[in-house]
file model-v1.txt (compact mmCIF, C-alpha atoms)
# COMPACT_ATOMS: atom_id res chain seq x y z
CA MET N 1 -21.61 19.42 -11.48
CA LEU N 2 -20.77 15.73 -11.56
CA LYS N 3 -24.10 15.04 -9.90
CA GLN N 4 -25.96 16.92 -12.64
CA PHE N 5 -24.03 15.02 -15.29
CA ALA N 6 -24.88 11.65 -13.70
CA ASP N 7 -28.54 12.69 -13.35
CA TYR N 8 -28.63 13.85 -16.96
CA VAL N 9 -27.20 10.59 -18.34
CA THR N 10 -29.38 8.35 -16.17
CA PHE N 11 -32.72 10.10 -16.24
CA SER N 12 -32.69 12.08 -19.51
CA LEU N 13 -30.44 10.15 -21.90
CA ILE N 14 -31.24 6.61 -20.76
CA GLY N 15 -34.66 7.55 -19.43
CA LEU N 16 -34.77 5.68 -16.14
CA LYS N 17 -37.19 6.98 -13.52
CA PRO N 18 -35.78 8.96 -10.59
CA GLY N 19 -36.42 6.98 -7.40
CA SER N 20 -36.53 3.62 -9.19
CA HIS N 21 -34.05 0.93 -8.06
CA GLY N 22 -32.29 0.76 -11.42
CA GLY N 23 -32.22 4.53 -11.84
CA GLU N 24 -30.76 5.17 -8.40
CA ALA N 25 -28.14 2.43 -8.84
CA LEU N 26 -26.98 3.70 -12.26
CA ASP N 27 -26.99 7.36 -11.16
CA PHE N 28 -24.86 6.42 -8.15
CA PHE N 29 -22.50 4.33 -10.29
CA ILE N 30 -21.83 7.06 -12.88
CA TYR N 31 -21.34 9.76 -10.26
CA ASP N 32 -19.02 7.70 -8.05
CA THR N 33 -16.87 6.26 -10.83
CA ILE N 34 -16.12 9.68 -12.33
CA LYS N 35 -15.51 11.25 -8.93
CA ILE N 36 -13.19 8.47 -7.77
CA PHE N 37 -11.13 8.42 -10.96
CA LEU N 38 -10.68 12.20 -10.88
CA LEU N 39 -9.53 12.00 -7.27
CA LEU N 40 -7.29 8.99 -7.90
CA THR N 41 -5.50 10.52 -10.86
CA THR N 42 -4.75 13.87 -9.23
CA ILE N 43 -3.86 12.65 -5.77
CA ILE N 44 -1.77 9.65 -6.81
CA PHE N 45 0.21 12.02 -9.05
CA VAL N 46 0.86 14.48 -6.22
CA VAL N 47 1.72 11.70 -3.76
CA ALA N 48 4.12 10.17 -6.28
CA ILE N 49 6.01 13.47 -6.54
CA ILE N 50 6.37 13.55 -2.75
CA ARG N 51 7.37 9.88 -2.70
CA SER N 52 10.14 10.37 -5.21
CA SER N 53 11.92 12.42 -2.52
CA PHE N 54 11.75 9.59 0.01
CA PRO N 55 13.39 6.47 -1.41
CA PRO N 56 13.62 3.68 1.20
CA GLU N 57 17.40 4.29 1.43
CA ARG N 58 16.81 7.80 2.76
CA THR N 59 14.06 6.66 5.14
CA LYS N 60 16.42 4.02 6.49
CA ARG N 61 19.13 6.60 7.08
CA ILE N 62 16.74 8.90 8.96
CA LEU N 63 15.42 6.05 11.11
CA SER N 64 18.80 4.60 12.00
CA HIS N 65 19.51 7.79 13.99
CA ASN N 66 16.36 7.44 16.07
CA ARG N 67 15.78 5.28 19.11
CA GLU N 68 12.51 3.98 20.52
CA TYR N 69 9.40 6.18 20.84
CA VAL N 70 10.62 9.07 18.67
CA GLY N 71 11.78 6.44 16.18
CA ASN N 72 8.38 4.73 16.21
CA VAL N 73 6.59 8.00 15.51
CA MET N 74 9.03 8.89 12.73
CA ALA N 75 8.76 5.40 11.23
CA ALA N 76 4.96 5.54 11.15
CA LEU N 77 5.02 9.00 9.50
CA LEU N 78 7.70 8.02 6.98
CA GLY N 79 5.63 4.92 6.20
CA ILE N 80 3.09 7.23 4.55
CA VAL N 81 5.56 8.81 2.11
CA THR N 82 7.97 5.96 1.40
CA PRO N 83 6.88 3.82 -1.53
CA PHE N 84 6.34 0.25 -0.42
CA CYS N 85 5.42 -2.93 -2.17
CA SER N 86 5.01 -6.16 -0.23
CA CYS N 87 7.26 -7.89 -2.77
CA SER N 88 10.15 -5.70 -1.48
CA ALA N 89 9.34 -6.36 2.18
CA VAL N 90 12.32 -8.70 2.66
CA PRO N 91 15.15 -6.49 1.34
CA LEU N 92 13.53 -3.55 3.10
CA PHE N 93 13.36 -5.36 6.43
CA ILE N 94 16.97 -6.56 6.19
CA GLY N 95 18.20 -3.13 5.11
CA PHE N 96 16.49 -1.52 8.11
CA VAL N 97 17.63 -3.86 10.88
CA GLU N 98 21.15 -4.20 9.45
CA SER N 99 21.65 -0.45 9.48
CA GLY N 100 20.69 -0.31 13.14
CA VAL N 101 17.02 0.64 13.00
CA PRO N 102 15.52 -0.96 16.16
CA LEU N 103 13.20 -3.91 15.53
CA GLY N 104 10.15 -2.18 17.01
CA VAL N 105 10.77 0.91 14.88
CA THR N 106 11.05 -1.28 11.78
CA PHE N 107 7.66 -2.78 12.62
CA SER N 108 6.05 0.62 13.04
CA PHE N 109 7.14 1.27 9.45
CA LEU N 110 5.95 -2.12 8.21
CA VAL N 111 2.49 -1.53 9.69
CA SER N 112 2.01 2.06 8.63
CA SER N 113 3.40 1.82 5.12
CA PRO N 114 0.78 -0.47 3.58
CA MET N 115 -2.05 0.71 5.86
CA VAL N 116 -1.85 4.48 5.44
CA ASN N 117 -1.63 4.46 1.65
CA GLU N 118 -2.95 7.01 -0.80
CA VAL N 119 -5.41 4.70 -2.55
CA ALA N 120 -7.20 3.80 0.70
CA LEU N 121 -7.25 7.47 1.71
CA ILE N 122 -8.67 8.70 -1.60
CA MET N 123 -11.33 6.02 -1.58
CA LEU N 124 -12.29 6.82 2.01
CA TRP N 125 -12.36 10.53 1.26
CA GLY N 126 -14.44 10.03 -1.86
CA MET N 127 -16.94 7.62 -0.33
CA PHE N 128 -17.07 8.69 3.34
CA GLY N 129 -15.84 12.28 3.39
CA TRP N 130 -12.63 13.87 4.66
CA LYS N 131 -13.40 13.42 8.36
CA ILE N 132 -13.37 9.64 8.13
CA ALA N 133 -10.25 9.79 5.95
CA LEU N 134 -8.48 11.88 8.61
CA ILE N 135 -9.62 9.59 11.42
CA TYR N 136 -8.26 6.68 9.40
CA ILE N 137 -4.85 8.36 9.04
CA GLY N 138 -4.71 9.28 12.73
CA THR N 139 -5.74 5.91 14.11
CA GLY N 140 -3.68 4.08 11.48
CA LEU N 141 -0.56 5.93 12.64
CA LEU N 142 -1.47 5.22 16.26
CA VAL N 143 -1.88 1.49 15.58
CA ALA N 144 1.52 1.47 13.84
CA ILE N 145 3.27 3.39 16.64
CA VAL N 146 1.77 1.34 19.48
CA SER N 147 2.30 -2.03 17.76
CA GLY N 148 5.94 -1.14 17.08
CA ILE N 149 6.57 -0.01 20.66
CA VAL N 150 5.01 -3.21 22.06
CA ILE N 151 7.08 -5.42 19.74
CA GLY N 152 10.21 -3.45 20.69
CA ARG N 153 9.46 -3.90 24.42
CA LEU N 154 9.05 -7.65 23.98
CA LYS N 155 12.73 -7.90 22.95
CA MET N 156 12.15 -10.36 20.16
CA GLU N 157 15.40 -9.88 18.25
CA LYS N 158 16.23 -13.57 18.63
CA TYR N 159 13.09 -14.46 16.67
CA VAL N 160 14.42 -12.80 13.56
CA GLN N 161 15.87 -15.46 11.19
CA ASP N 162 19.54 -15.89 12.10
CA TYR N 163 20.93 -15.27 8.61
CA VAL N 164 19.52 -11.73 8.65
CA TRP N 165 22.04 -10.63 11.27
CA GLU N 166 24.97 -12.11 9.37
CA MET N 167 24.18 -10.52 6.05
CA GLN N 168 26.55 -8.08 4.37
CA VAL N 169 24.62 -5.04 3.26
CA GLY N 170 26.10 -2.56 0.81
CA GLN N 171 25.53 1.16 0.86
CA GLN N 172 23.59 2.57 -2.01
CA GLU N 173 23.93 6.20 -3.00
CA ILE N 174 20.69 8.13 -3.00
CA GLU N 175 20.14 9.49 -6.44
CA GLU N 176 19.13 13.15 -6.51
CA LEU N 177 16.24 13.69 -8.86
CA THR N 178 15.53 16.91 -10.69
CA PHE N 179 11.95 18.19 -10.63
CA ARG N 180 11.60 16.98 -14.22
CA ASP N 181 12.70 13.46 -13.20
CA LYS N 182 10.12 13.56 -10.42
CA LEU N 183 7.34 14.47 -12.83
CA VAL N 184 8.34 11.64 -15.16
CA TYR N 185 8.45 9.23 -12.22
CA ALA N 186 5.06 10.45 -10.96
CA ARG N 187 3.49 10.05 -14.39
CA GLY N 188 4.72 6.46 -14.68
CA TYR N 189 3.70 5.66 -11.11
CA THR N 190 0.19 7.04 -11.59
CA ARG N 191 -0.24 5.18 -14.87
CA ASP N 192 0.95 1.85 -13.43
CA LEU N 193 -1.16 2.15 -10.31
CA LEU N 194 -4.34 3.15 -12.15
CA LYS N 195 -3.79 0.31 -14.61
CA LYS N 196 -3.59 -2.09 -11.69
CA ILE N 197 -6.57 -0.90 -9.66
CA TRP N 198 -9.14 0.36 -12.15
CA PRO N 199 -11.02 -2.94 -12.57
CA TYR N 200 -11.38 -3.20 -8.78
CA VAL N 201 -12.66 0.35 -8.57
CA VAL N 202 -15.26 -0.22 -11.29
CA ILE N 203 -16.40 -3.56 -9.84
CA GLY N 204 -16.41 -2.15 -6.30
CA VAL N 205 -18.38 0.96 -7.24
CA GLY N 206 -20.71 -1.21 -9.35
CA LEU N 207 -21.45 -3.57 -6.46
CA GLY N 208 -21.77 -0.58 -4.13
CA ALA N 209 -24.28 1.01 -6.52
CA PHE N 210 -26.24 -2.23 -6.68
CA ILE N 211 -26.38 -2.44 -2.89
CA HIS N 212 -27.32 1.24 -2.73
CA GLY N 213 -30.24 0.76 -5.11
CA TYR N 214 -31.51 -2.71 -4.24
CA VAL N 215 -30.66 -3.74 -0.68
CA PRO N 216 -33.28 -2.68 1.87
CA GLN N 217 -32.41 0.05 4.39
CA ASP N 218 -31.16 -1.22 7.78
CA PHE N 219 -30.54 -4.62 6.24
CA LEU N 220 -27.25 -4.97 8.10
CA ALA N 221 -28.14 -3.10 11.26
CA LYS N 222 -28.90 -6.31 13.12
CA TRP N 223 -25.60 -8.09 12.31
CA ALA N 224 -23.06 -5.37 11.62
CA GLY N 225 -24.57 -2.62 13.76
CA ARG N 226 -22.84 -1.30 16.83
CA ASP N 227 -24.83 -3.52 19.20
CA ASN N 228 -23.25 -6.72 17.97
CA PRO N 229 -19.97 -7.16 19.88
CA PHE N 230 -18.73 -9.81 17.41
CA ALA N 231 -19.05 -7.59 14.35
CA VAL N 232 -15.60 -5.95 14.78
CA PRO N 233 -13.50 -9.14 15.20
CA ILE N 234 -15.39 -10.84 12.36
CA ALA N 235 -14.81 -7.82 10.11
CA VAL N 236 -11.08 -7.92 10.93
CA ALA N 237 -10.89 -11.66 10.17
CA LEU N 238 -12.70 -11.11 6.85
CA GLY N 239 -10.27 -8.35 5.95
CA VAL N 240 -7.16 -10.56 5.99
CA PRO N 241 -7.78 -12.49 2.72
CA LEU N 242 -8.94 -9.33 0.90
CA TYR N 243 -5.46 -7.85 0.86
CA SER N 244 -4.61 -4.83 -1.27
CA ASN N 245 -8.04 -4.46 -2.71
CA ALA N 246 -8.83 -1.29 -0.81
CA ALA N 247 -9.88 0.22 -4.13
CA GLY N 248 -12.60 -2.35 -4.62
CA VAL N 249 -13.58 -2.92 -1.01
CA ILE N 250 -14.25 0.66 0.10
CA PRO N 251 -17.18 1.44 -2.26
CA ILE N 252 -18.89 -1.77 -1.17
CA VAL N 253 -18.32 -1.03 2.50
CA SER N 254 -19.55 2.52 1.98
CA ALA N 255 -22.83 1.22 0.60
CA LEU N 256 -23.07 -1.25 3.50
CA THR N 257 -22.69 1.62 5.97
CA GLN N 258 -25.85 3.16 4.58
CA LYS N 259 -27.56 -0.16 5.25
CA GLY N 260 -26.64 -0.15 8.92
CA MET N 261 -22.99 -1.26 9.27
CA ALA N 262 -21.37 0.70 12.11
CA ILE N 263 -18.51 3.08 11.26
CA GLY N 264 -16.02 1.65 13.79
CA THR N 265 -16.56 -1.76 12.24
CA VAL N 266 -15.90 -0.22 8.82
CA LEU N 267 -12.63 1.38 9.97
CA ALA N 268 -11.42 -1.86 11.58
CA PHE N 269 -12.31 -3.80 8.45
CA MET N 270 -10.42 -1.34 6.21
CA MET N 271 -7.33 -1.50 8.40
CA ALA N 272 -7.38 -5.29 8.35
CA VAL N 273 -7.70 -5.26 4.56
CA THR N 274 -4.62 -3.06 4.15
CA ALA N 275 -2.37 -3.95 7.09
CA LEU N 276 -2.90 -7.68 7.60
CA SER N 277 -2.30 -9.82 4.59
CA LEU N 278 -1.59 -13.46 4.04
CA PRO N 279 0.82 -12.98 1.11
CA GLU N 280 2.81 -10.46 3.16
CA ALA N 281 2.95 -12.89 6.08
CA ILE N 282 4.35 -15.57 3.78
CA ILE N 283 6.96 -13.14 2.42
CA LEU N 284 7.91 -11.99 5.92
CA SER N 285 8.33 -15.59 7.10
CA ASN N 286 11.61 -15.45 5.15
CA VAL N 287 13.01 -13.08 7.75
CA LEU N 288 10.87 -13.72 10.85
CA LYS N 289 10.57 -16.88 12.87
CA ARG N 290 7.06 -18.09 13.42
CA ARG N 291 6.79 -16.75 16.94
CA LEU N 292 7.61 -13.17 15.93
CA LEU N 293 5.36 -13.36 12.88
CA LEU N 294 2.41 -14.51 14.99
CA THR N 295 3.15 -11.90 17.65
CA PHE N 296 3.26 -9.20 14.97
CA PHE N 297 -0.09 -10.24 13.50
CA GLY N 298 -1.64 -10.73 16.93
CA ILE N 299 -0.65 -7.29 18.20
CA VAL N 300 -1.73 -5.44 15.06
CA ALA N 301 -5.03 -7.33 14.91
CA THR N 302 -5.72 -6.56 18.58
CA ALA N 303 -4.95 -2.87 18.07
CA ILE N 304 -7.29 -2.75 15.05
CA VAL N 305 -10.12 -4.47 16.93
CA PHE N 306 -9.66 -1.93 19.71
CA VAL N 307 -9.93 0.94 17.21
CA GLY N 308 -13.14 -0.60 15.89
CA TYR N 309 -14.77 -0.79 19.32
CA LEU N 310 -13.59 2.71 20.22
CA PHE N 311 -15.21 4.33 17.19
CA ASN N 312 -18.37 2.29 17.52
CA ILE N 313 -18.69 3.84 20.97
CA ILE N 314 -17.77 7.46 20.23
CA LEU N 315 -19.06 8.05 16.68
CA MET W 1 29.32 -5.01 -19.91
CA LYS W 2 27.47 -7.03 -17.32
CA LEU W 3 23.86 -6.19 -16.47
CA GLU W 4 22.17 -7.65 -13.41
CA VAL W 5 18.43 -7.43 -12.85
CA LEU W 6 17.77 -7.70 -9.11
CA GLY W 7 14.39 -8.94 -8.01
CA THR W 8 12.80 -11.61 -5.86
CA GLY W 9 10.39 -12.77 -8.55
CA CYS W 10 7.61 -10.19 -8.54
CA ALA W 11 5.74 -9.31 -11.74
CA LYS W 12 7.60 -6.01 -12.12
CA CYS W 13 10.97 -7.76 -11.84
CA LYS W 14 10.11 -10.08 -14.71
CA ALA W 15 8.90 -7.14 -16.77
CA LEU W 16 12.16 -5.28 -16.10
CA LEU W 17 14.20 -8.28 -17.27
CA GLU W 18 12.26 -8.27 -20.56
CA ASN W 19 12.75 -4.52 -20.99
CA VAL W 20 16.48 -4.83 -20.35
CA LYS W 21 16.73 -7.55 -23.00
CA LYS W 22 14.88 -5.34 -25.48
CA ALA W 23 17.06 -2.35 -24.65
CA VAL W 24 20.27 -4.33 -25.22
CA GLU W 25 18.92 -5.70 -28.50
CA THR W 26 17.96 -2.31 -29.91
CA SER W 27 21.15 -0.60 -28.74
CA GLY W 28 23.23 -3.31 -30.40
CA LYS W 29 25.71 -3.38 -27.52
CA GLU W 30 27.37 -6.48 -26.14
CA ALA W 31 26.01 -7.33 -22.71
CA GLU W 32 25.67 -10.28 -20.42
CA ILE W 33 22.29 -10.17 -18.70
CA VAL W 34 21.80 -11.99 -15.40
CA LYS W 35 18.71 -12.29 -13.20
CA VAL W 36 19.67 -12.15 -9.52
CA GLU W 37 17.07 -13.57 -7.17
CA ASP W 38 18.81 -14.53 -3.96
CA ILE W 39 18.50 -12.10 -1.10
CA PRO W 40 22.16 -11.98 0.02
CA SER W 41 23.30 -10.92 -3.47
CA ILE W 42 20.58 -8.26 -3.67
CA MET W 43 21.49 -6.94 -0.22
CA LYS W 44 25.15 -6.77 -1.15
CA TYR W 45 24.25 -3.85 -3.41
CA GLY W 46 22.28 -2.17 -0.61
CA VAL W 47 19.11 -2.30 -2.71
CA MET W 48 15.97 -2.10 -0.58
CA SER W 49 13.28 -1.98 -3.19
CA THR W 50 13.07 -4.24 -6.18
CA PRO W 51 13.30 -4.39 -9.13
CA ALA W 52 16.72 -2.81 -9.59
CA LEU W 53 19.24 -2.68 -12.42
CA VAL W 54 22.99 -3.03 -11.86
CA LYS W 55 25.56 -2.25 -14.55
CA ASP W 56 29.10 -3.55 -13.97
CA GLY W 57 28.56 -3.57 -10.21
CA LYS W 58 26.96 -0.12 -10.02
CA VAL W 59 23.27 0.34 -9.17
CA LEU W 60 21.58 2.37 -11.91
CA PHE W 61 18.16 2.55 -10.28
CA SER W 62 15.96 0.64 -7.85
CA GLY W 63 12.31 0.29 -6.98
CA LYS W 64 10.88 1.08 -10.36
CA LEU W 65 10.10 -0.38 -13.73
CA THR W 66 11.55 1.53 -16.66
CA THR W 67 10.89 1.33 -20.38
CA PRO W 68 13.37 -0.23 -22.86
CA GLU W 69 14.04 3.28 -24.23
CA GLU W 70 14.97 4.69 -20.82
CA ILE W 71 17.24 1.72 -20.16
CA ALA W 72 18.92 2.05 -23.55
CA GLY W 73 19.70 5.66 -22.66
CA MET W 74 21.59 4.53 -19.55
CA LEU W 75 23.74 1.89 -21.24

call {"tool": "encode", "arguments": {"input": "model-v1.txt", "output": "C-alpha cells"}}
result
Amino acid sequence: MLKQFADYVTFSLIGLKPGSHGGEALDFFIYDTIKIFLLLTTIIFVVAIIRSSFPPERTKRILSHNREYVGNVMAALLGIVTPFCSCSAVPLFIGFVESGVPLGVTFSFLVSSPMVNEVALIMLWGMFGWKIALIYIGTGLLVAIVSGIVIGRLKMEKYVQDYVWEMQVGQQEIEELTFRDKLVYARGYTRDLLKKIWPYVVIGVGLGAFIHGYVPQDFLAKWAGRDNPFAVPIAVALGVPLYSNAAGVIPIVSALTQKGMAIGTVLAFMMAVTALSLPEAIILSNVLKRRLLLTFFGIVATAIVFVGYLFNIIL
Amino acid sequence: MKLEVLGTGCAKCKALLENVKKAVETSGKEAEIVKVEDIPSIMKYGVMSTPALVKDGKVLFSGKLTTPEEIAGML
C-alpha cells in the first residue's frame, strides 16, 4: 500500500517517468521515509513501555547477584531493555561496580546497551529485512558477552580509577509505575527520541535514495565487496566518529549494499557506529585508566571485525 | 524546601534545571534550587541515570526530563 502511494505521488502527481534516475530516487525516498517513521513511532513506543520496567537500579540489583558467564549473558540481555544514554555512563558504571557487579559483567552491559538499541534495529529491519535485524541482535549480544568475559579474565580491576572504589553510593528506591505512568513515560520518550533523530533519518534516506537512483550498479563491489580483506577493518574505523547516528547511517549503507558492499562489512560497520564512540570513550576516561579504556576498545573492535569477516564468508 | 538537580552537564540536565525553575516560579513556593554536577554527590543519592531531581534529600525521579507542570505537581 505504501508502495502504491509512493508510486502515485512520484509518477502520477509529480509526473516523473518510471525507470528514470530522478523518478526512482524520489519514489524510493517517499516510500522509505513513510515506512521508517511508521516503524519508529510504533516500536519506540512499545520498547519504551518495556524499558520503564527496567530502570538501571533494578538492572544493577539483578546483576549484582550474578557471577561471571551467567552474569555476562544476563548483562548483555538487560542491556537491550535498560535505557542508556552515554551521558549517564559514569554514574551507571560506578553504581554497578560499587554494588558488586563484576567488572567484566559491567562491560558486557556497556557494550550491549548502546549497540543493541531499538533505533538501530528498526532501521535494519526496515532497510534490510528482519533476518539481518535478528542476526544483528544475536551477534551484537555475542560480541558483548565475549568482550565482557575477556575483560573479566584479564583481571583489570586495578585499572579502574582509584576514587571509584572509595565512593559512597546511596541506595535508591525503585519507583513502581502504574500502567498509566508507563504510557505517559513512553509517549514522552518516543516524542523526545523522534525529535532528536528525524533530521538524520530524512537526510540518511535522502542520500540513500540518491545513491539508489544515481550511483551505478556494482560501483562499490571492487572496494567494499567481500574479496577485499581490508574492507571490514576500514569500515570499523570509519564507524567510530559516526557515533549515535544509526538512524542516518543505515539508509545510506543499505543503498551501498545494493551497489556491491558486502553484508558482513555492513554489520561490522553498524556495530562500530553504535558500540565504539569517541565521546563515550572520553566520558569513560573519568572512571577508567587509559590501559583499561584501550583494552576495552581493542577487544570490542576485534570482536566486531571478526563478526564482519564471518558474515562475509557465510552469507 | 531545597531542590537539587543532579546531572553531569548533558543537554537534558540543563533543560531540567530550567523546567524546575519555571515550576517553582509558577507554584509560588519558596525553594532553593541547586545544580549538582560532581559525581560523588550524585552517587551519594544512588542515582545511576541523569538528570534527576532531589527534594529535601529525597530522590523524586531520575533518568528523565519532565515538564514544569509535572514538576509543580510533585512539589

call {"tool": "residues_around", "arguments": {"input": "model-v1.txt", "residues": "Leu75 (chain W)", "least_positions_apart": "3", "cutoff": "10 Å", "atoms": "all atoms listed in the file", "output": "PDB file with C-alpha atoms, in the coordinates of the input"}}
result
ATOM      1  CA  MET W   1      29.320  -5.010 -19.910  1.00  0.00           C
ATOM      2  CA  LEU W   3      23.860  -6.190 -16.470  1.00  0.00           C
ATOM      3  CA  VAL W  20      16.480  -4.830 -20.350  1.00  0.00           C
ATOM      4  CA  ALA W  23      17.060  -2.350 -24.650  1.00  0.00           C
ATOM      5  CA  VAL W  24      20.270  -4.330 -25.220  1.00  0.00           C
ATOM      6  CA  SER W  27      21.150  -0.600 -28.740  1.00  0.00           C
ATOM      7  CA  LYS W  29      25.710  -3.380 -27.520  1.00  0.00           C
ATOM      8  CA  ALA W  31      26.010  -7.330 -22.710  1.00  0.00           C
ATOM      9  CA  LYS W  55      25.560  -2.250 -14.550  1.00  0.00           C
ATOM     10  CA  LEU W  60      21.580   2.370 -11.910  1.00  0.00           C
ATOM     11  CA  GLU W  70      14.970   4.690 -20.820  1.00  0.00           C
ATOM     12  CA  ILE W  71      17.240   1.720 -20.160  1.00  0.00           C
ATOM     13  CA  ALA W  72      18.920   2.050 -23.550  1.00  0.00           C
TER      14      ALA W  72
END

call {"tool": "atom_distance", "arguments": {"input": "model-v1.txt", "atom1": "CA of Tyr69 (chain N)", "atom2": "CA of Ser108 (chain N)"}}
result
10.1 Å

call {"tool": "interface_residues", "arguments": {"input": "model-v1.txt", "of": "chain W", "to": "chain N", "cutoff": "7 Å", "atoms": "all atoms listed in the file", "output": "list in words"}}
result
Cys10, Ile39, Pro40, Met43, Lys44, Tyr45, Gly46, Val47, Met48, Ser49 and Thr50 of chain W

call {"tool": "residues_around", "arguments": {"input": "model-v1.txt", "residues": "Lys182 (chain N)", "least_positions_apart": "4", "cutoff": "12 Å", "atoms": "all atoms listed in the file", "output": "ChimeraX atom specification"}}
result
/N:45-55,175-178,186-190

call {"tool": "atom_distance", "arguments": {"input": "model-v1.txt", "atom1": "CA of Pro114 (chain N)", "atom2": "CA of Ile211 (chain N)"}}
result
28.0 Å

call {"tool": "residues_around", "arguments": {"input": "model-v1.txt", "residues": "Tyr309 (chain N)", "least_positions_apart": "5", "cutoff": "10 Å", "atoms": "all atoms listed in the file", "output": "list in words"}}
result
Arg226, Pro229, Ala231, Val232, Pro233, Ala262, Ile263, Gly264, Thr265, Leu267, Ala268, Ile304 and Ile314 of chain N

call {"tool": "atom_distance", "arguments": {"input": "model-v1.txt", "atom1": "CA of Leu6 (chain W)", "atom2": "CA of Glu32 (chain W)"}}
result
14.0 Å

call {"tool": "residues_around", "arguments": {"input": "model-v1.txt", "residues": "Ala15 (chain W)", "least_positions_apart": "4", "cutoff": "12 Å", "atoms": "only C-alpha atoms", "output": "PyMOL selection string"}}
result
chain W and resi 5-7+9-11+19-22+35+50-52+64-68

call {"tool": "closest_residue", "arguments": {"input": "model-v1.txt", "among": "N:Lys196, N:Arg58, N:Lys3, N:Lys158", "to": "Lys12 (chain W)", "atoms": "only C-alpha atoms"}}
result
N:Lys196

call {"tool": "closest_residue", "arguments": {"input": "model-v1.txt", "among": "N:Leu141, N:Lys17, N:Leu26, N:Leu38", "to": "Ala75 (chain N)", "atoms": "all atoms listed in the file"}}
result
N:Leu141

call {"tool": "closest_residue", "arguments": {"input": "model-v1.txt", "among": "N:Thr33, N:Asn117, N:Ser99, N:Thr295", "to": "Ile62 (chain N)", "atoms": "all atoms listed in the file"}}
result
N:Ser99

call {"tool": "residues_around", "arguments": {"input": "model-v1.txt", "residues": "Gln258 (chain N)", "least_positions_apart": "3", "cutoff": "10 Å", "atoms": "all atoms listed in the file", "output": "JSON, numbers by chain"}}
result
{"N": [211, 212, 215, 216, 217, 218, 219, 220, 221, 253, 254, 255, 261, 262, 263]}

call {"tool": "axis_aligned_box", "arguments": {"input": "model-v1.txt", "around": "region 219-225 of chain N", "padding_each_side": "3 Å", "output": "lines of an AutoDock Vina configuration file"}}
result
center_x = -26.8
center_y = -5.4
center_z = 10.0
size_x = 13.5
size_y = 11.5
size_z = 13.5

call {"tool": "decode", "arguments": {"input": "model-v1.txt", "residues": "region 20-46 of chain W", "atoms": "C-alpha atoms", "output": "CSV table (one decimal), in the first residue's frame"}}
result
chain,number,residue,atom,x,y,z
W,20,VAL,CA,12.4,23.2,37.7
W,21,LYS,CA,12.9,27.0,37.9
W,22,LYS,CA,9.7,27.5,35.9
W,23,ALA,CA,7.8,25.1,38.1
W,24,VAL,CA,8.9,26.8,41.3
W,25,GLU,CA,8.0,30.2,39.8
W,26,THR,CA,4.5,29.2,38.8
W,27,SER,CA,3.8,27.3,42.0
W,28,GLY,CA,4.8,30.4,44.0
W,29,LYS,CA,6.6,28.3,46.6
W,30,GLU,CA,9.8,29.1,48.4
W,31,ALA,CA,12.7,26.9,47.2
W,32,GLU,CA,16.4,26.9,46.9
W,33,ILE,CA,17.5,25.4,43.6
W,34,VAL,CA,21.0,23.9,43.3
W,35,LYS,CA,22.6,22.3,40.3
W,36,VAL,CA,24.8,19.3,41.4
W,37,GLU,CA,27.4,18.3,39.0
W,38,ASP,CA,30.1,16.4,40.8
W,39,ILE,CA,30.0,12.6,40.6
W,40,PRO,CA,30.5,11.8,44.4
W,41,SER,CA,27.4,13.9,45.3
W,42,ILE,CA,25.3,12.4,42.6
W,43,MET,CA,26.4,8.9,43.7
W,44,LYS,CA,25.5,9.6,47.3
W,45,TYR,CA,21.9,9.6,46.3
W,46,GLY,CA,22.3,6.3,44.4
